[in-house]
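**Student:** Let me begin by handing over the structure; questions about it come next.
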Protein chains: 2
Amino acid sequence: MSNHSASTVDAIEALHGDRHLLERSGTAERVAAILRQRITEGAFLPGTRLSEPPISAALGVSRNTLREAFQLLAHERLAVHELNRGVFVRELTADDICDLYAVRRLVECGALRRADELVDVDLAGVELAVADGLSAAEAEEWRAMGMASIRFHQAVADLAASERVSSTMRQVLAETRLFFVLAGNTRAFFEPYLARHQRILRHLERGRFDVAEQALDRYLRDAEKQLLLAYRRRRS
Amino acid sequence: MSNHSASTVDAIEALHGDRHLLERSGTAERVAAILRQRITEGAFLPGTRLSEPPISAALGVSRNTLREAFQLLAHERLAVHELNRGVFVRELTADDICDLYAVRRLVECGALRRADELVDVDLAGVELAVADGLSAAEAEEWRAMGMASIRFHQAVADLAASERVSSTMRQVLAETRLFFVLAGNTRAFFEPYLARHQRILRHLERGRFDVAEQALDRYLRDAEKQLLLAYRRRRS
DNA sequence: GCATATTTGTCCGTATGTATA
DNA sequence: CTATACATACGGACAAATATG
C-alpha cells in the first residue's frame with residue numbers, strides 16, 4: 001500500500017480549486033488578502049473606516065497600491081466605497097441577509113440541477129469538505145468548522161463545472177463570512193448543519209440530485225431564518 | 001514591430017472625442033465606461049493590448065487612475081490582466097460561450113422561478129424592453145435591437161427582485177456584449193429572437209412563470225448553438 | 001456659521017523589475 | 001545577450017471635499 005491515504009489523495013485533488021489563489025501575485029492582491037482576513041476575523045468591525053494613511057503606513061505600501069486593494073474589497077462587497085469619504089467595512093442589514101440567501105438558493109440549487117445533466121460529476125470536493133467538518137466538530141474547533149461549511153457550499157457550486165458559477169459563488173460566500181462574525185463563530189450556530197451536509201452528500205452519492213436540491217433548499221431557508229434571529233437579537 | 005495595428009492607433013486617436021464624458025465624479029469609473037463602450041463597439045478588438053501610456057495620454061488621466069479603470073474592466077471579464085504584461089481585451093473561446101450560456105440559463109431561469117414565489121411582480125421593465133426591440137426592428141436599427149435584447153434579459157433577471165442577482169446578471173451581460181461584436185450586430189443574428197421575447201412576455205403576463213422558464217431555457221440553448229456556429233465560421 | 005485640520009482624489013516623477021525584439 | 005519598452009510600485013505634491021473644534 002502507498003503511504004498516501006485516500007483522504008490525502010483527495011486533499012491534493014482538491015487543491016485544483018485553490019489554483020485561482022495562485023494566479024494573482026501582485027501587491028494589491030496580497031494587501032487585500034490581509035485585510036480580508038482581518039475583516040472576517042472581526043478585527044475590523046462593520047462600519048469601521050479603513051483609513052488610508054495609517055493602514056498604508058502600517059503595511060508599508062504606498063497609498064496608490066492600497067487604494068487598488070480597497071477596490072478589490074469593494075468589488076467583493078466586503079467594503080463599501082463612499083466618494084470623498086473613504087471606504088468602510090460593510091454593515092449588514094436584514095435585507096442583505098434575505099437577498100444573500102435568495103442568491104445562494106438560486107446558485108447552489110441551480111448548480112445541482114446543472115450537474116444533473118452532466119455525464120461526469122466528481123464528488124471528491126464535497127466529500128472532503130464534509131469530512132473536514134466532521135474532524136473539526138470532533139476537535140471542537142468551531143471556527144475551522146465554519147470554514148469547512150464554506151468549502152462545502154463552494155464544492156456544491158463547483159459541481160456545475162462552470163468557471164463563472166464557481167466565481168459567482170466565491171463572491172457570495174466571501175460576503176457570507178461577514179455573517180459569521182455576526183453569529184460569533186459558535187458551536188450552537190454551526191453544529192446543527194453538519195448532519196444536513198452529510199445527508200445532502202448521501203443523496204448526491206446515490207445520484208438523487210433532485211432530492212439533494214430540495215434538501216439544500218430547505219437547509220438554506222432554515223439557515224436564513226436562524227441568521228435573521230441572531231441578527232435581531234444582537235440589535236436589541 | 002509594435003503590436004499596435006494601424007486601426008488600434010486610430011481607435012486610440014478617436015478617444016480624444018470622448019474627453020467630454022469625463023466631467024463628472026469618479027474618474028476611474030468614467031474612464032472604464034468609455035473603454036467599455038469602445039470594446040463592445042469593436043473599436044478595440046479581442047486580444048488588443050490596452051497600453052497604459054498612449055491611453056492615459058489620449059484621455060488626459062494619470063496612469064494611476066487608468067489602472068483603477070483597468071481593474072474594473074478585468075473584474076467584468078471584458079479584459080484580462082496578465083502580471084507584468086498588461087491588460088488585453090478578452091479573447092473568447094468556444095468554452096467561454098458554453099460556460100457563459102450555462103450561467104445565463106442558471107441565473108435567468110432561476111430568477112423566473114424566484115419571481116414565481118413572490119407576491120408582487122412588476123413586468124413593466126420586460127414590457128418596455130420588448131417594445132423597444134420592436135421599434136428598433138421596424139426602424140431596422142440592428143445595433144439598437146441588440147441593446148434592447150440585453151435590456152430584456154436584464155429585466156428578466158430583475159424580476160427576482162434581488163440586488164445581487166441583478167448585479168450578477170449585469171456582469172454576465174457585459175461579457176455577452178463581446179459576442180455581439182463577434183456576430184457583427186447583424187439583422188440575421190438578432191431578428192429571430194424578437195418573436196421569442198414576445199412569447200416569453202406573454203407567458204409571464206398570464207402568470208405562467210413555469211412555461212416562460214421552459215421557453216427561456218430553450219431560447220438560450222438555441223442562442224448558444226447559433227453563436228457557436230458563428231464562432232467556428234469566423235475561425236475558418 | 002466659520003475657520004481649521006484632516007482625508008481623499010488625482011497627478012507627476014522616478015526607480016526597479018520583467019518581458020520581448 | 002543586449003537593448004528597449006513596458007508594467008509595477010513608491011513618494012511627494014496639491015486641490016477639493018469633508019470632518020472638527
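Every chain in the C-alpha cells has a letter given in the order shown (A, B, ...), and although residue numbers restart at 1 in each chain, ligands are simply numbered from 1 in the order shown.
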Write out, as a Markdown table, each residue of chain C that has an atom at most 9 Å from chain A, together with the closest pair of atoms and their distance in Å to one decimal, counting only C-alpha atoms (C1' of nucleotides), rows going by chain and rising number.

**Tutor:**
```
| residue | atom | partner | partner_atom | distance |
| --- | --- | --- | --- | --- |
| C:DT7 | C1' | A:Arg85 | CA | 7.7 |
| C:DT8 | C1' | A:Asn84 | CA | 5.3 |
| C:DG9 | C1' | A:Asn84 | CA | 7.2 |
```

**Student:** Emit the selected residues as a PDB file, in the first residue's frame, including C-alpha atoms (C1' of nucleotides).

**Tutor:**
```pdb
ATOM      1  C1'  DT C   7      -8.553  62.953   4.345  1.00  0.00           C
ATOM      2  C1'  DT C   8      -9.457  61.828  -0.122  1.00  0.00           C
ATOM      3  C1'  DG C   9      -8.851  62.256  -5.287  1.00  0.00           C
TER       4       DG C   9
END
```

**Student:** With a cut-off of 7 Å and counting only C-alpha atoms, select all residues of chain B in contact with chain A and give the selection as number ranges by chain.

**Tutor:** B: 68, 99, 103, 106, 110, 162, 164-165

**Student:** Taking into account only C-alpha atoms (C1' of nucleotides), which residue in the set A:Gln154, A:Ser62, A:Ser167, A:Gln37 is nearest to chain D?

**Tutor:**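 Ranking A:Gln154, A:Ser62, A:Ser167, A:Gln37 by distance to chain D, first place goes to A:Ser62.
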
**Student:** How large is the C-alpha RMSD when chain B is optimally fitted onto chain A, using all Cα positions paired one-to-one in sequence order?

**Tutor:**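 It is 11.2 Å.
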
**Student:** Could you name the residues that touch B:Gln226 at 12 Å or less, counting only C-alpha atoms (C1' of nucleotides), but leaving out those on the same chain fewer than 5 positions away, as a PDB file with C-alpha atoms, in the first residue's frame?

**Tutor:**
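Below you can see part-v6.pdb, which holds the result:
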```pdb
ATOM      1  CA  ALA B  94     -15.783  28.154 -27.541  1.00  0.00           C
ATOM      2  CA  ILE B  97     -19.514  30.605 -24.894  1.00  0.00           C
ATOM      3  CA  CYS B  98     -20.728  27.339 -23.351  1.00  0.00           C
ATOM      4  CA  TYR B 101     -24.724  30.372 -21.517  1.00  0.00           C
ATOM      5  CA  PHE B 179     -20.160  38.067 -28.561  1.00  0.00           C
ATOM      6  CA  PHE B 180     -22.193  40.645 -30.396  1.00  0.00           C
ATOM      7  CA  LEU B 182     -18.278  38.588 -32.928  1.00  0.00           C
ATOM      8  CA  ALA B 183     -21.675  38.119 -34.543  1.00  0.00           C
ATOM      9  CA  ALA B 188     -29.819  37.828 -39.192  1.00  0.00           C
ATOM     10  CA  PHE B 189     -28.485  37.391 -35.696  1.00  0.00           C
ATOM     11  CA  PHE B 190     -30.975  39.428 -33.704  1.00  0.00           C
ATOM     12  CA  PRO B 192     -35.261  35.688 -34.908  1.00  0.00           C
ATOM     13  CA  TYR B 193     -35.234  36.363 -31.177  1.00  0.00           C
ATOM     14  CA  TYR B 219     -34.236  30.151 -26.228  1.00  0.00           C
ATOM     15  CA  LEU B 220     -30.854  30.259 -24.518  1.00  0.00           C
ATOM     16  CA  ARG B 221     -29.840  26.822 -25.767  1.00  0.00           C
ATOM     17  CA  TYR B 231     -17.707  31.420 -33.842  1.00  0.00           C
ATOM     18  CA  ARG B 232     -16.477  28.416 -35.830  1.00  0.00           C
ATOM     19  CA  ARG B 233     -17.334  30.128 -39.118  1.00  0.00           C
TER      20      ARG B 233
END
```

**Student:** For chain D, which residues have at least one atom within 9 Å of chain B, if we go by only C-alpha atoms (C1' of nucleotides)? Write them as a list in words, please.

**Tutor:**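 Result, ordered by chain then number: DC6, DA7 and DT8 of chain D.
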
**Student:** Which distance in Å separates atom CA of B:Gln198 and atom CA of B:Glu127, to one decimal?

**Tutor:**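 Spanning atom CA of B:Gln198 to atom CA of B:Glu127 is a straight-line distance of 8.7 Å.
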
**Student:** Could you state the separation of atom CA of B:Gly125 and atom CA of B:Glu175 in Å, given to one decimal place?

**Tutor:**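 Value for the atom CA of B:Gly125-atom CA of B:Glu175 distance: 21.3 Å.
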
**Student:** Would you please extract all strand (DSSP E or B) residues from stretch 55-201 of chain B, as assigned by DSSP on the backbone, and give them as a PDB file with C-alpha atoms, in the first residue's frame?

**Tutor:**
```
ATOM      1  CA  ALA B  79     -10.327  42.495 -20.171  1.00  0.00           C
ATOM      2  CA  VAL B  80      -7.737  40.137 -18.757  1.00  0.00           C
ATOM      3  CA  HIS B  81      -4.844  41.246 -16.620  1.00  0.00           C
ATOM      4  CA  GLU B  82      -1.544  39.407 -17.014  1.00  0.00           C
ATOM      5  CA  GLY B  86      -0.519  44.422 -19.063  1.00  0.00           C
ATOM      6  CA  VAL B  87      -4.228  44.191 -19.793  1.00  0.00           C
ATOM      7  CA  PHE B  88      -5.723  42.867 -23.021  1.00  0.00           C
ATOM      8  CA  VAL B  89      -9.203  42.841 -24.475  1.00  0.00           C
TER       9      VAL B  89
END
```

**Student:** Give me the residues near C:DT4 as an NGL selection string, where near means some atom within 12 Å (using only C-alpha atoms (C1' of nucleotides)) and where sequence neighbours in that chain fewer than 3 positions away do not count.

**Tutor:** :D and (19-21)

**Student:** Distance atom CA of A:Glu76-atom C1' of D:DC10, one decimal place?

**Tutor:**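 Atom C1' of D:DC10 lies 26.4 Å from atom CA of A:Glu76.
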
**Student:** With distances taken over only C-alpha atoms, which residue among B:Leu123, B:Arg196, B:Met169, B:Arg234 lies nearest B:Asp222?

**Tutor:**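 Checking each candidate against B:Asp222, we get B:Arg196 as the closest.
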
**Student:** As an MDAnalysis selection string, please: all residues of stretch 29-173 of chain A that backbone DSSP puts in alpha helix (DSSP H).

**Tutor:** chainID A and resid 29:41 52:59 63:75 94:104 110:116 124:138 142:158 163:173
